[in-house]
file structure_17.txt (compact mmCIF, C-alpha atoms and all ligand atoms)
# COMPACT_ATOMS: atom_id res chain seq x y z
CA MET A 213 -22.56 18.18 -10.25
CA ASN A 214 -21.53 16.83 -6.86
CA VAL A 215 -19.16 13.90 -6.42
CA ASP A 216 -18.39 11.51 -3.56
CA ILE A 217 -15.03 9.82 -3.48
CA ALA A 218 -13.04 6.92 -2.09
CA LEU A 219 -9.47 7.65 -0.92
CA ASP A 220 -6.46 5.44 -0.29
CA PHE A 221 -3.33 7.27 0.85
CA GLY A 222 -0.71 4.55 0.28
CA SER A 223 2.93 5.07 1.27
CA ASN A 224 3.79 4.63 -2.38
CA SER A 225 0.70 5.70 -4.29
CA THR A 226 -2.44 7.67 -3.61
CA ARG A 227 -5.57 6.28 -5.24
CA ILE A 228 -8.88 8.03 -5.67
CA MET A 229 -12.14 6.73 -7.08
CA VAL A 230 -15.15 8.83 -7.85
CA PHE A 231 -18.25 7.05 -6.61
CA GLY A 232 -20.12 5.26 -9.39
CA LYS A 233 -17.24 5.40 -11.86
CA ASP A 234 -14.87 2.57 -12.74
CA GLU A 235 -11.77 4.69 -13.30
CA ILE A 236 -9.09 4.78 -10.65
CA PHE A 237 -6.83 7.79 -10.27
CA GLU A 238 -3.37 6.70 -9.12
CA GLU A 239 -0.24 8.82 -8.65
CA PRO A 240 2.83 8.59 -6.40
CA SER A 241 2.21 10.05 -2.90
CA ALA A 242 5.15 12.39 -3.49
CA ALA A 243 5.81 16.12 -3.22
CA ALA A 244 8.83 18.10 -4.45
CA TYR A 245 10.11 20.76 -2.11
CA ASP A 246 12.45 23.65 -2.96
CA VAL A 247 14.72 23.83 0.05
CA THR A 248 15.98 27.36 -0.65
CA GLY A 249 12.59 29.00 -1.11
CA GLY A 250 10.83 26.62 1.29
CA GLU A 251 8.16 26.09 -1.38
CA LEU A 252 6.35 23.00 -2.64
CA ILE A 253 6.84 22.96 -6.41
CA ALA A 254 5.35 19.69 -7.69
CA PHE A 255 3.19 16.74 -6.62
CA GLY A 256 2.39 13.19 -7.61
CA LYS A 257 3.86 11.89 -10.86
CA GLU A 258 5.49 15.21 -11.67
CA ALA A 259 7.36 15.17 -8.34
CA PHE A 260 8.19 11.46 -8.66
CA ASP A 261 9.73 12.00 -12.11
CA MET A 262 12.20 14.43 -10.50
CA ILE A 263 13.64 11.68 -8.26
CA GLY A 264 17.34 11.25 -8.87
CA ARG A 265 17.35 14.07 -11.40
CA THR A 266 17.07 17.03 -9.06
CA SER A 267 19.74 19.31 -7.70
CA ASP A 268 20.42 19.53 -3.96
CA ARG A 269 17.93 22.39 -3.89
CA ILE A 270 14.99 20.10 -4.52
CA LYS A 271 13.98 17.41 -2.06
CA ILE A 272 11.35 14.75 -2.78
CA ILE A 273 9.21 13.91 0.22
CA TYR A 274 6.47 11.39 0.94
CA PRO A 275 4.19 13.33 3.33
CA ILE A 276 1.97 10.34 4.25
CA GLU A 277 3.79 7.15 5.16
CA LYS A 278 2.37 3.92 6.56
CA GLY A 279 -0.99 5.70 6.72
CA VAL A 280 0.44 8.38 9.00
CA VAL A 281 0.67 12.07 8.07
CA THR A 282 4.33 13.03 8.53
CA ASP A 283 4.16 16.53 6.98
CA PHE A 284 0.68 18.04 7.25
CA ASP A 285 1.20 21.09 5.00
CA ALA A 286 2.75 19.06 2.19
CA ALA A 287 0.10 16.32 2.55
CA LEU A 288 -2.67 18.92 2.35
CA ALA A 289 -1.23 20.66 -0.71
CA MET A 290 -0.75 17.25 -2.38
CA THR A 291 -4.32 16.14 -1.54
CA LYS A 292 -5.81 19.39 -2.88
CA TYR A 293 -3.76 18.95 -6.08
CA PHE A 294 -5.02 15.38 -6.56
CA LEU A 295 -8.64 16.31 -5.83
CA ARG A 296 -8.49 19.13 -8.37
CA LYS A 297 -7.22 16.66 -10.96
CA VAL A 298 -9.88 14.07 -10.20
CA THR A 299 -12.91 16.27 -9.88
CA SER A 300 -11.90 18.94 -12.46
CA LYS A 301 -14.59 21.60 -12.23
CA LYS A 302 -17.12 19.45 -10.38
CA MET A 303 -17.97 20.21 -6.76
CA LEU A 304 -17.11 17.79 -4.00
CA SER A 305 -20.29 17.00 -2.10
CA GLY A 306 -18.38 16.68 1.14
CA ARG A 307 -18.34 12.87 1.48
CA ALA A 308 -15.37 10.55 1.29
CA VAL A 309 -14.54 6.98 2.29
CA LEU A 310 -11.04 6.83 3.71
CA ASN A 311 -8.90 3.71 4.09
CA ILE A 312 -7.29 3.43 7.55
CA PRO A 313 -4.39 0.97 8.04
CA GLU A 314 -4.87 -1.46 10.93
CA GLY A 315 -3.08 -0.56 14.14
CA ILE A 316 -2.64 3.20 13.72
CA SER A 317 -3.47 5.38 16.75
CA ASP A 318 -6.57 7.55 17.28
CA LEU A 319 -4.40 10.65 16.96
CA GLU A 320 -3.02 9.42 13.63
CA ILE A 321 -6.57 8.73 12.41
CA TYR A 322 -7.65 12.18 13.59
CA ASN A 323 -4.79 13.77 11.60
CA LEU A 324 -5.79 11.89 8.46
CA VAL A 325 -9.43 12.90 8.83
CA SER A 326 -8.43 16.54 9.50
CA LEU A 327 -6.36 16.46 6.34
CA VAL A 328 -9.37 15.37 4.29
CA ASN A 329 -11.59 17.94 6.07
CA PHE A 330 -9.11 20.74 5.33
CA ALA A 331 -9.03 19.61 1.70
CA GLY A 332 -12.74 20.49 1.58
CA ILE A 333 -14.52 17.21 2.40
CA LYS A 334 -16.53 17.52 5.56
CA LYS A 335 -18.08 14.08 6.01
CA VAL A 336 -15.55 11.26 6.21
CA TYR A 337 -16.32 7.56 6.57
CA LEU A 338 -13.57 5.19 7.66
CA ILE A 339 -12.84 1.60 6.77
CA ASN A 340 -9.90 -0.60 7.78
CA THR A 341 -7.50 -1.65 5.03
CA CYS A 342 -8.07 -5.41 5.23
CA LYS A 343 -11.84 -5.05 5.32
CA ALA A 344 -11.71 -2.79 2.23
CA ALA A 345 -9.28 -5.17 0.51
CA LEU A 346 -11.61 -8.15 1.12
CA ILE A 347 -14.61 -6.27 -0.30
CA GLY A 348 -12.48 -5.11 -3.25
CA ALA A 349 -11.43 -8.72 -3.84
CA GLY A 350 -15.11 -9.66 -4.15
CA CYS A 351 -15.64 -11.32 -0.74
CA ASP A 352 -18.98 -11.09 1.03
CA ILE A 353 -17.68 -9.84 4.37
CA LEU A 354 -21.17 -9.76 5.93
CA ALA A 355 -21.63 -13.54 5.61
CA PRO A 356 -21.26 -15.54 8.85
CA ARG A 357 -17.90 -16.88 7.78
CA GLY A 358 -14.34 -16.23 8.92
CA ARG A 359 -12.17 -14.27 6.50
CA PHE A 360 -8.50 -13.43 6.46
CA CYS A 361 -6.62 -10.80 4.47
CA ILE A 362 -2.99 -9.76 4.35
CA ASP A 363 -2.24 -6.52 2.48
CA ILE A 364 1.48 -6.20 1.74
CA GLY A 365 2.12 -2.59 0.79
CA ALA A 366 5.13 -0.37 0.25
CA GLY A 367 5.26 1.00 3.81
CA SER A 368 3.63 -1.66 5.99
CA THR A 369 1.82 -4.98 5.98
CA LYS A 370 -1.68 -5.14 7.36
CA LEU A 371 -3.34 -8.33 8.60
CA GLY A 372 -7.00 -8.73 9.47
CA VAL A 373 -9.12 -11.66 10.63
CA MET A 374 -12.83 -10.96 10.48
CA SER A 375 -16.26 -12.48 10.64
CA LEU A 376 -19.78 -11.12 10.06
CA GLY A 377 -18.35 -7.82 8.90
CA SER A 378 -16.43 -7.05 12.09
CA ASP A 379 -12.75 -7.37 12.86
CA SER A 380 -11.90 -10.16 15.25
CA SER A 381 -8.21 -9.35 15.24
CA VAL A 382 -6.01 -6.94 13.33
CA ARG A 383 -2.32 -6.21 13.30
CA ARG A 384 0.33 -4.32 11.36
CA ALA A 385 3.94 -5.23 10.64
CA GLU A 386 6.95 -3.27 9.41
CA LEU A 387 7.93 -5.97 6.91
CA CYS A 388 6.85 -4.62 3.50
CA GLY A 389 7.88 -3.86 -0.07
CA GLY A 390 9.98 -0.87 1.03
CA ALA A 391 11.96 -3.07 3.43
CA LEU A 392 12.92 -5.27 0.50
CA ASP A 393 14.11 -2.19 -1.45
CA ASP A 394 16.45 -1.41 1.48
CA LEU A 395 17.86 -4.94 1.26
CA VAL A 396 18.55 -4.54 -2.47
CA ILE A 397 20.36 -1.24 -1.75
CA LYS A 398 22.42 -2.97 0.95
CA TYR A 399 23.22 -5.90 -1.35
CA ALA A 400 24.50 -3.62 -4.15
CA LYS A 401 26.61 -1.71 -1.64
CA THR A 402 28.24 -4.68 0.07
CA LYS A 403 28.64 -6.93 -2.97
CA TYR A 404 29.56 -4.37 -5.67
CA ASN A 405 30.49 -1.14 -3.82
CA LEU A 406 27.60 0.33 -5.78
CA LEU A 407 25.42 3.07 -4.35
CA ILE A 408 21.93 2.97 -5.92
CA GLY A 409 18.80 5.02 -5.35
CA ARG A 410 15.51 3.70 -3.91
CA HIS A 411 13.79 3.91 -7.26
CA THR A 412 16.42 1.70 -8.95
CA ALA A 413 16.26 -0.78 -6.08
CA ARG A 414 12.50 -0.93 -6.38
CA LEU A 415 12.54 -1.60 -10.13
CA ALA A 416 15.17 -4.33 -9.69
CA LYS A 417 13.13 -5.94 -6.92
CA GLU A 418 9.91 -5.91 -8.98
CA LYS A 419 11.66 -7.53 -11.95
CA LEU A 420 13.89 -10.02 -10.15
CA CYS A 421 12.52 -11.07 -6.76
CA SER A 422 10.92 -14.48 -6.67
CA ALA A 423 9.82 -16.46 -3.62
CA ARG A 424 10.78 -19.77 -5.25
CA GLU A 425 13.63 -20.84 -7.45
CA PRO A 426 12.95 -19.21 -10.84
CA SER A 427 12.74 -21.29 -14.01
CA ASP A 428 14.28 -18.54 -16.17
CA LEU A 429 17.41 -16.49 -15.70
CA LEU A 430 16.59 -12.76 -15.61
CA PHE A 431 18.88 -9.73 -15.33
CA TYR A 432 18.52 -6.12 -14.30
CA LYS A 433 21.15 -3.41 -14.78
CA LEU A 434 21.76 -1.50 -11.55
CA LYS A 435 23.08 1.99 -12.29
CA GLY A 436 24.56 4.18 -9.61
CA ARG A 437 27.85 5.44 -8.20
CA ASN A 438 30.94 3.50 -7.24
CA ILE A 439 31.54 4.12 -3.54
CA LYS A 440 35.31 3.86 -3.89
CA THR A 441 35.88 5.97 -7.01
CA GLY A 442 32.84 8.24 -6.81
CA LEU A 443 32.29 7.64 -10.55
CA PRO A 444 29.15 6.41 -12.33
CA PHE A 445 29.02 2.63 -12.27
CA ALA A 446 26.66 -0.13 -13.46
CA VAL A 447 26.32 -3.83 -12.67
CA GLU A 448 23.98 -6.48 -14.10
CA ILE A 449 22.47 -8.61 -11.37
CA SER A 450 20.37 -11.74 -11.80
CA ASN A 451 17.21 -13.04 -10.14
CA PHE A 452 19.25 -15.90 -8.63
CA GLU A 453 21.40 -13.39 -6.75
CA LEU A 454 18.31 -12.04 -4.99
CA LEU A 455 16.75 -15.46 -4.36
CA SER A 456 17.77 -16.00 -0.73
CA MET A 457 16.66 -12.46 0.16
CA SER A 458 13.30 -13.05 -1.51
CA GLU A 459 12.84 -16.46 0.11
CA ASN A 460 13.54 -14.94 3.54
CA PHE A 461 10.93 -12.28 2.86
CA ALA A 462 8.38 -14.94 1.88
CA ALA A 463 9.24 -17.00 4.98
CA GLU A 464 8.74 -13.98 7.25
CA ILE A 465 5.43 -13.12 5.58
CA SER A 466 4.32 -16.73 6.20
CA LEU A 467 5.28 -16.38 9.87
CA LEU A 468 3.21 -13.21 10.15
CA ILE A 469 0.19 -15.07 8.72
CA GLN A 470 0.76 -18.00 11.06
CA GLY A 471 0.99 -15.63 14.04
CA ALA A 472 -2.30 -13.95 13.11
CA LEU A 473 -4.08 -17.30 12.61
CA ASN A 474 -2.76 -18.61 15.94
CA GLY A 475 -4.72 -15.93 17.73
CA ALA A 476 -8.02 -16.63 15.91
CA ARG A 477 -10.91 -18.80 17.14
CA PRO A 478 -10.92 -22.40 15.80
CA GLU A 479 -14.23 -21.99 13.86
CA ILE A 480 -12.86 -18.91 12.13
CA VAL A 481 -9.61 -20.69 11.27
CA SER A 482 -11.60 -23.56 9.84
CA ASP A 483 -13.55 -21.13 7.57
CA ILE A 484 -10.30 -19.51 6.47
CA TYR A 485 -8.91 -22.92 5.67
CA THR A 486 -11.91 -23.52 3.38
CA ASN A 487 -12.05 -20.03 1.81
CA GLY A 488 -8.33 -19.35 1.62
CA ILE A 489 -6.20 -16.38 2.60
CA VAL A 490 -6.74 -13.27 0.51
CA ILE A 491 -3.39 -11.67 -0.37
CA THR A 492 -3.45 -8.08 -1.63
CA GLY A 493 -1.15 -5.03 -1.89
CA GLY A 494 1.52 -4.37 -4.52
CA ALA A 495 4.22 -6.44 -2.83
CA SER A 496 1.96 -9.51 -2.95
CA ASP A 497 2.79 -9.50 -6.69
CA MET A 498 6.28 -10.84 -5.98
CA THR A 499 6.71 -13.84 -8.29
CA ASP A 500 5.45 -17.05 -6.63
CA LEU A 501 4.81 -15.46 -3.22
CA ASP A 502 1.26 -16.85 -3.17
CA ARG A 503 2.47 -20.34 -4.11
CA TYR A 504 5.24 -20.20 -1.51
CA ILE A 505 2.66 -19.37 1.21
CA GLU A 506 0.37 -22.18 0.04
CA THR A 507 3.13 -24.75 0.28
CA ARG A 508 4.65 -23.46 3.50
CA LEU A 509 1.35 -23.13 5.43
CA ASP A 510 -0.66 -25.77 3.56
CA ILE A 511 -3.48 -23.33 3.05
CA LYS A 512 -5.14 -22.04 -0.12
CA THR A 513 -4.44 -18.43 -1.19
CA VAL A 514 -6.56 -16.04 -3.23
CA HIS A 515 -4.45 -13.50 -5.07
CA PRO A 516 -6.72 -11.14 -7.04
CA GLU A 517 -5.64 -9.50 -10.25
CA ASN A 518 -4.53 -5.87 -9.73
CA SER A 519 -4.14 -6.68 -6.07
CA ARG A 520 -2.82 -3.20 -5.24
CA LEU A 521 -6.20 -1.76 -6.28
CA CYS A 522 -8.35 -3.98 -4.03
CA VAL A 523 -8.37 -1.46 -1.16
CA ILE A 524 -9.61 1.49 -3.23
CA LYS A 525 -12.20 -0.67 -5.02
CA GLY A 526 -13.37 -1.94 -1.62
CA CYS A 527 -13.72 1.62 -0.30
CA GLU A 528 -15.89 2.48 -3.29
CA ARG A 529 -18.05 -0.65 -2.98
CA ALA A 530 -18.47 -0.12 0.77
CA PHE A 531 -19.97 3.27 -0.06
CA ALA A 532 -22.58 1.53 -2.20
CA MET A 533 -23.37 -0.80 0.74
CA LEU A 534 -23.87 2.29 2.92
CA LYS A 535 -26.42 3.63 0.46
CA ASN A 536 -28.31 0.33 0.43
CA ASP A 537 -28.53 -0.17 4.18
CA GLU A 538 -26.77 2.05 6.69
CA LYS A 539 -27.03 -0.56 9.49
CA LEU A 540 -25.19 -3.21 7.49
CA SER A 541 -22.52 -0.82 6.27
CA PRO A 542 -18.90 -1.74 7.01
CA LEU A 543 -18.12 1.98 7.27
CA ARG A 544 -17.91 4.10 10.40
CA LEU A 545 -18.39 7.85 10.42
CA ALA A 546 -15.25 9.70 11.50
CA SER A 547 -15.55 11.99 14.44
CA THR A 548 -14.29 15.52 13.96
CA LYS A 549 -13.32 15.67 17.64
CA MET A 550 -10.36 13.94 19.29
CA SER A 551 -11.50 11.23 21.69
N1 LIG B 601 6.17 -7.68 -8.91
C1 LIG B 601 6.47 -7.17 -7.73
N2 LIG B 601 7.32 -7.83 -6.90
C2 LIG B 601 7.62 -7.32 -5.69
N3 LIG B 601 7.12 -6.16 -5.21
C3 LIG B 601 6.28 -5.48 -5.99
C4 LIG B 601 5.88 -5.93 -7.28
N4 LIG B 601 5.02 -5.02 -7.82
C5 LIG B 601 4.89 -4.04 -6.91
N5 LIG B 601 5.63 -4.30 -5.81
C6 LIG B 601 5.81 -3.46 -4.61
O1 LIG B 601 4.56 -3.17 -4.01
C7 LIG B 601 4.72 -1.97 -3.25
C8 LIG B 601 3.56 -1.03 -3.54
O2 LIG B 601 2.41 -1.64 -3.05
P1 LIG B 601 1.11 -0.79 -2.76
O3 LIG B 601 0.82 0.06 -3.95
O4 LIG B 601 0.06 -1.74 -2.31
O5 LIG B 601 1.61 0.12 -1.55
P2 LIG B 601 0.90 1.38 -0.90
O6 LIG B 601 -0.56 1.13 -0.82
O7 LIG B 601 1.31 2.62 -1.61
O8 LIG B 601 1.60 1.39 0.55
P3 LIG B 601 1.05 1.05 2.01
O9 LIG B 601 -0.31 0.41 1.88
O10 LIG B 601 2.03 0.15 2.63
O11 LIG B 601 0.99 2.39 2.70
C9 LIG B 601 6.06 -1.34 -3.65
O12 LIG B 601 7.04 -1.61 -2.66
C10 LIG B 601 6.35 -2.08 -4.95
O13 LIG B 601 7.73 -2.13 -5.25
MG MG B 602 -1.81 0.34 0.60
call {"tool": "encode", "arguments": {"input": "structure_17.txt", "output": "structure tokens", "more": "lines below"}}
Ligand SMILES: Nc1ncnc2c1ncn2[C@@H]1O[C@H](COP(=O)(O)OP(=O)(O)OP(=O)(O)O)[C@@H](O)[C@H]1O
Ligand SMILES: [Mg+2]
result
Amino acid sequence: MNVDIALDFGSNSTRIMVFGKDEIFEEPSAAAYDVTGGELIAFGKEAFDMIGRTSDRIKIIYPIEKGVVTDFDAALAMTKYFLRKVTSKKMLSGRAVLNIPEGISDLEIYNLVSLVNFAGIKKVYLINTCKAALIGAGCDILAPRGRFCIDIGAGSTKLGVMSLGSDSSVRRAELCGGALDDLVIKYAKTKYNLLIGRHTARLAKEKLCSAREPSDLLFYKLKGRNIKTGLPFAVEISNFELLSMSENFAAEISLLIQGALNGARPEIVSDIYTNGIVITGGASDMTDLDRYIETRLDIKTVHPENSRLCVIKGCERAFAMLKNDEKLSPLRLASTKMS
């Protein structure tokens, strides 16, 4: 039996959906590399679980970051591994819908498409992240109405204003969930002389960061190494300690939205005012981020459940739209030649 798939290579997680099925495959976009033998030894969850527990011989890499292939061989081996897991013994029919972050170059798109081609899928359709996220969030993007989406991921934030199914303006920003992890690492280092790993920082952020003053006091135990003594060390930090960092993040996200709306036509802005801003991506799940944006910009927000899955769901639904009417499809066929 042949299968068509939707693909979202996130900086943090890769998601794959087999067309017509509801299940979503999701594993970390990670590969483990044996430095001595120069071999790739594990991928996805298996590689991710080695983080912080490996010897110096094993390095964990993320071969696709911010939608850009940074290590082609590792990305290809990882993609083949994921596809084998998803399709088991079934044959790929050679069609995939691939999510492309706004603002990446033609060469970067070409590399992504080549990766999918080399993994055995010959026909690749492309869709921009925000367009996919809007479809995945249940919006009718073909209606003659302005729409706005901000997708706050682990590696970048994508913003898209669109109307009648086409992008009227798109942009990408470096501010993202990963940037907040770096701030937590810096905070632990400067305040407690505590060196923590990215994974610990990320878990602390997800539990503690809140865009508005929290009503409850929460704690997270940061475990790492004392910079001065070199010994293992742990500190309990609270959500209030990370409040100003989280508020700054929310304020900067609001500025990004404001900047994108400033460039849009008045009729489109008026539609967006009525319909609200759609906020997707894992980092949009920060406690009260949506409410902070609403108050700060005086504009309604729509924050779908499982917001990090909107893009992959949108890729899959866009494929169904292609089947119904090719002319109205939000997808574009990828060229196999560099322009
Ligand atoms: N409750 C939460 N509060 C804050 N951040 C969160 C929360 N839940 C998840 N995140 C963050 O969301 C990010 C992952 O989002 P997502 O899965 O959308 O990224 P991605 O698609 O892999 O990356 P990108 O699209 O940027 O390439 C991580 O930085 C994660 O820590
Ligand atoms: Mg993403």
call {"tool": "residues_near_point", "arguments": {"input": "structure_17.txt", "point": "(-14.0, -10.5, 16.5)", "cutoff": "12 Å", "atoms": "all atoms listed in the file", "output": "PyMOL selection string"}}
result
chain A and resi 356-360+372-382+475-477+479-480
call {"tool": "write_last_selection", "arguments": {"input": "structure_17.txt", "atoms": "C-alpha atoms", "output": "short mmCIF file (atom, residue, chain, number, x, y, z; two decimals), in the coordinates of the input"}}
result
data_model
loop_
_atom_site.label_atom_id
_atom_site.label_comp_id
_atom_site.auth_asym_id
_atom_site.auth_seq_id
_atom_site.Cartn_x
_atom_site.Cartn_y
_atom_site.Cartn_z
CA PRO A 356 -21.26 -15.54 8.85
CA ARG A 357 -17.90 -16.88 7.78
CA GLY A 358 -14.34 -16.23 8.92
CA ARG A 359 -12.17 -14.27 6.50
CA PHE A 360 -8.50 -13.43 6.46
CA GLY A 372 -7.00 -8.73 9.47
CA VAL A 373 -9.12 -11.66 10.63
CA MET A 374 -12.83 -10.96 10.48
CA SER A 375 -16.26 -12.48 10.64
CA LEU A 376 -19.78 -11.12 10.06
CA GLY A 377 -18.35 -7.82 8.90
CA SER A 378 -16.43 -7.05 12.09
CA ASP A 379 -12.75 -7.37 12.86
CA SER A 380 -11.90 -10.16 15.25
CA SER A 381 -8.21 -9.35 15.24
CA VAL A 382 -6.01 -6.94 13.33
CA GLY A 475 -4.72 -15.93 17.73
CA ALA A 476 -8.02 -16.63 15.91
CA ARG A 477 -10.91 -18.80 17.14
CA GLU A 479 -14.23 -21.99 13.86
CA ILE A 480 -12.86 -18.91 12.13
#
call {"tool": "atom_distance", "arguments": {"input": "structure_17.txt", "atom1": "atom CA of Ala423 of chain A", "atom2": "atom CA of Leu501 of chain A"}}
result
5.1 Å
call {"tool": "closest_residue", "arguments": {"input": "structure_17.txt", "among": "A:Leu473, A:Ala355, A:Cys342, A:Leu327", "to": "ligand LIG 601 (chain B)", "atoms": "all atoms listed in the file"}}
result
A:Cys342
call {"tool": "atom_distance", "arguments": {"input": "structure_17.txt", "atom1": "atom O3 of ligand LIG 601 (chain B)", "atom2": "atom CA of Gly494 of chain A"}}
result
4.5 Å
call {"tool": "atom_distance", "arguments": {"input": "structure_17.txt", "atom1": "atom CA of Ser223 of chain A", "atom2": "atom P1 of ligand LIG 601 (chain B)"}}
result
7.3 Å
call {"tool": "closest_residue", "arguments": {"input": "structure_17.txt", "among": "A:Thr507, A:Ser519, A:Asn323, A:Ser317", "to": "ligand LIG 601 (chain B)", "atoms": "all atoms listed in the file"}}
result
A:Ser519
call {"tool": "residues_around", "arguments": {"input": "structure_17.txt", "residues": "segment 241-254 of chain A", "least_positions_apart": "5", "cutoff": "10 Å", "atoms": "only C-alpha atoms", "output": "NGL selection string"}}
result
:A and (221-227 or 259-263 or 266-277 or 285-287 or 289-291 or 293-294)
call {"tool": "write_last_selection", "arguments": {"input": "structure_17.txt", "atoms": "C-alpha atoms", "output": "PDB file, in the coordinates of the input"}}
result
ATOM      1  CA  PHE A 221      -3.330   7.270   0.850  1.00  0.00           C
ATOM      2  CA  GLY A 222      -0.710   4.550   0.280  1.00  0.00           C
ATOM      3  CA  SER A 223       2.930   5.070   1.270  1.00  0.00           C
ATOM      4  CA  ASN A 224       3.790   4.630  -2.380  1.00  0.00           C
ATOM      5  CA  SER A 225       0.700   5.700  -4.290  1.00  0.00           C
ATOM      6  CA  THR A 226      -2.440   7.670  -3.610  1.00  0.00           C
ATOM      7  CA  ARG A 227      -5.570   6.280  -5.240  1.00  0.00           C
ATOM      8  CA  ALA A 259       7.360  15.170  -8.340  1.00  0.00           C
ATOM      9  CA  PHE A 260       8.190  11.460  -8.660  1.00  0.00           C
ATOM     10  CA  ASP A 261       9.730  12.000 -12.110  1.00  0.00           C
ATOM     11  CA  MET A 262      12.200  14.430 -10.500  1.00  0.00           C
ATOM     12  CA  ILE A 263      13.640  11.680  -8.260  1.00  0.00           C
ATOM     13  CA  THR A 266      17.070  17.030  -9.060  1.00  0.00           C
ATOM     14  CA  SER A 267      19.740  19.310  -7.700  1.00  0.00           C
ATOM     15  CA  ASP A 268      20.420  19.530  -3.960  1.00  0.00           C
ATOM     16  CA  ARG A 269      17.930  22.390  -3.890  1.00  0.00           C
ATOM     17  CA  ILE A 270      14.990  20.100  -4.520  1.00  0.00           C
ATOM     18  CA  LYS A 271      13.980  17.410  -2.060  1.00  0.00           C
ATOM     19  CA  ILE A 272      11.350  14.750  -2.780  1.00  0.00           C
ATOM     20  CA  ILE A 273       9.210  13.910   0.220  1.00  0.00           C
ATOM     21  CA  TYR A 274       6.470  11.390   0.940  1.00  0.00           C
ATOM     22  CA  PRO A 275       4.190  13.330   3.330  1.00  0.00           C
ATOM     23  CA  ILE A 276       1.970  10.340   4.250  1.00  0.00           C
ATOM     24  CA  GLU A 277       3.790   7.150   5.160  1.00  0.00           C
ATOM     25  CA  ASP A 285       1.200  21.090   5.000  1.00  0.00           C
ATOM     26  CA  ALA A 286       2.750  19.060   2.190  1.00  0.00           C
ATOM     27  CA  ALA A 287       0.100  16.320   2.550  1.00  0.00           C
ATOM     28  CA  ALA A 289      -1.230  20.660  -0.710  1.00  0.00           C
ATOM     29  CA  MET A 290      -0.750  17.250  -2.380  1.00  0.00           C
ATOM     30  CA  THR A 291      -4.320  16.140  -1.540  1.00  0.00           C
ATOM     31  CA  TYR A 293      -3.760  18.950  -6.080  1.00  0.00           C
ATOM     32  CA  PHE A 294      -5.020  15.380  -6.560  1.00  0.00           C
TER      33      PHE A 294
END
call {"tool": "closest_residue", "arguments": {"input": "structure_17.txt", "among": "A:Ser427, A:Ser466, A:Thr402, A:Asn518", "to": "Ala349 of chain A", "atoms": "all atoms listed in the file"}}
result
A:Asn518
call {"tool": "build_atoms", "arguments": {"input": "structure_17.txt", "residues": "segment 479-492 of chain A", "atoms": "N, CA and C atoms", "output": "PDB file, keeping the file's coordinate frame"}}
result
ATOM      1  N   GLU A 479     -13.206 -21.951  14.925  1.00  0.00           N
ATOM      2  CA  GLU A 479     -14.230 -21.990  13.860  1.00  0.00           C
ATOM      3  C   GLU A 479     -13.831 -21.032  12.727  1.00  0.00           C
ATOM      4  N   ILE A 480     -13.263 -19.900  13.144  1.00  0.00           N
ATOM      5  CA  ILE A 480     -12.860 -18.910  12.130  1.00  0.00           C
ATOM      6  C   ILE A 480     -11.702 -19.463  11.296  1.00  0.00           C
ATOM      7  N   VAL A 481     -10.755 -20.110  11.991  1.00  0.00           N
ATOM      8  CA  VAL A 481      -9.610 -20.690  11.270  1.00  0.00           C
ATOM      9  C   VAL A 481     -10.093 -21.752  10.288  1.00  0.00           C
ATOM     10  N   SER A 482     -11.079 -22.512  10.714  1.00  0.00           N
ATOM     11  CA  SER A 482     -11.600 -23.560   9.840  1.00  0.00           C
ATOM     12  C   SER A 482     -12.241 -22.949   8.580  1.00  0.00           C
ATOM     13  N   ASP A 483     -12.976 -21.836   8.744  1.00  0.00           N
ATOM     14  CA  ASP A 483     -13.550 -21.130   7.570  1.00  0.00           C
ATOM     15  C   ASP A 483     -12.449 -20.630   6.654  1.00  0.00           C
ATOM     16  N   ILE A 484     -11.399 -20.071   7.273  1.00  0.00           N
ATOM     17  CA  ILE A 484     -10.300 -19.510   6.470  1.00  0.00           C
ATOM     18  C   ILE A 484      -9.604 -20.620   5.700  1.00  0.00           C
ATOM     19  N   TYR A 485      -9.521 -21.764   6.328  1.00  0.00           N
ATOM     20  CA  TYR A 485      -8.910 -22.920   5.670  1.00  0.00           C
ATOM     21  C   TYR A 485      -9.712 -23.274   4.408  1.00  0.00           C
ATOM     22  N   THR A 486     -11.050 -23.194   4.524  1.00  0.00           N
ATOM     23  CA  THR A 486     -11.910 -23.520   3.380  1.00  0.00           C
ATOM     24  C   THR A 486     -11.854 -22.417   2.316  1.00  0.00           C
ATOM     25  N   ASN A 487     -11.960 -21.144   2.770  1.00  0.00           N
ATOM     26  CA  ASN A 487     -12.050 -20.030   1.810  1.00  0.00           C
ATOM     27  C   ASN A 487     -10.705 -19.567   1.271  1.00  0.00           C
ATOM     28  N   GLY A 488      -9.660 -19.806   2.027  1.00  0.00           N
ATOM     29  CA  GLY A 488      -8.330 -19.350   1.620  1.00  0.00           C
ATOM     30  C   GLY A 488      -7.992 -17.977   2.195  1.00  0.00           C
ATOM     31  N   ILE A 489      -6.704 -17.670   2.127  1.00  0.00           N
ATOM     32  CA  ILE A 489      -6.200 -16.380   2.600  1.00  0.00           C
ATOM     33  C   ILE A 489      -6.191 -15.424   1.419  1.00  0.00           C
ATOM     34  N   VAL A 490      -6.756 -14.246   1.595  1.00  0.00           N
ATOM     35  CA  VAL A 490      -6.740 -13.270   0.510  1.00  0.00           C
ATOM     36  C   VAL A 490      -5.474 -12.415   0.652  1.00  0.00           C
ATOM     37  N   ILE A 491      -4.666 -12.394  -0.411  1.00  0.00           N
ATOM     38  CA  ILE A 491      -3.390 -11.670  -0.370  1.00  0.00           C
ATOM     39  C   ILE A 491      -3.479 -10.487  -1.323  1.00  0.00           C
ATOM     40  N   THR A 492      -3.353  -9.275  -0.780  1.00  0.00           N
ATOM     41  CA  THR A 492      -3.450  -8.080  -1.630  1.00  0.00           C
ATOM     42  C   THR A 492      -2.252  -7.156  -1.368  1.00  0.00           C
TER      43      THR A 492
END
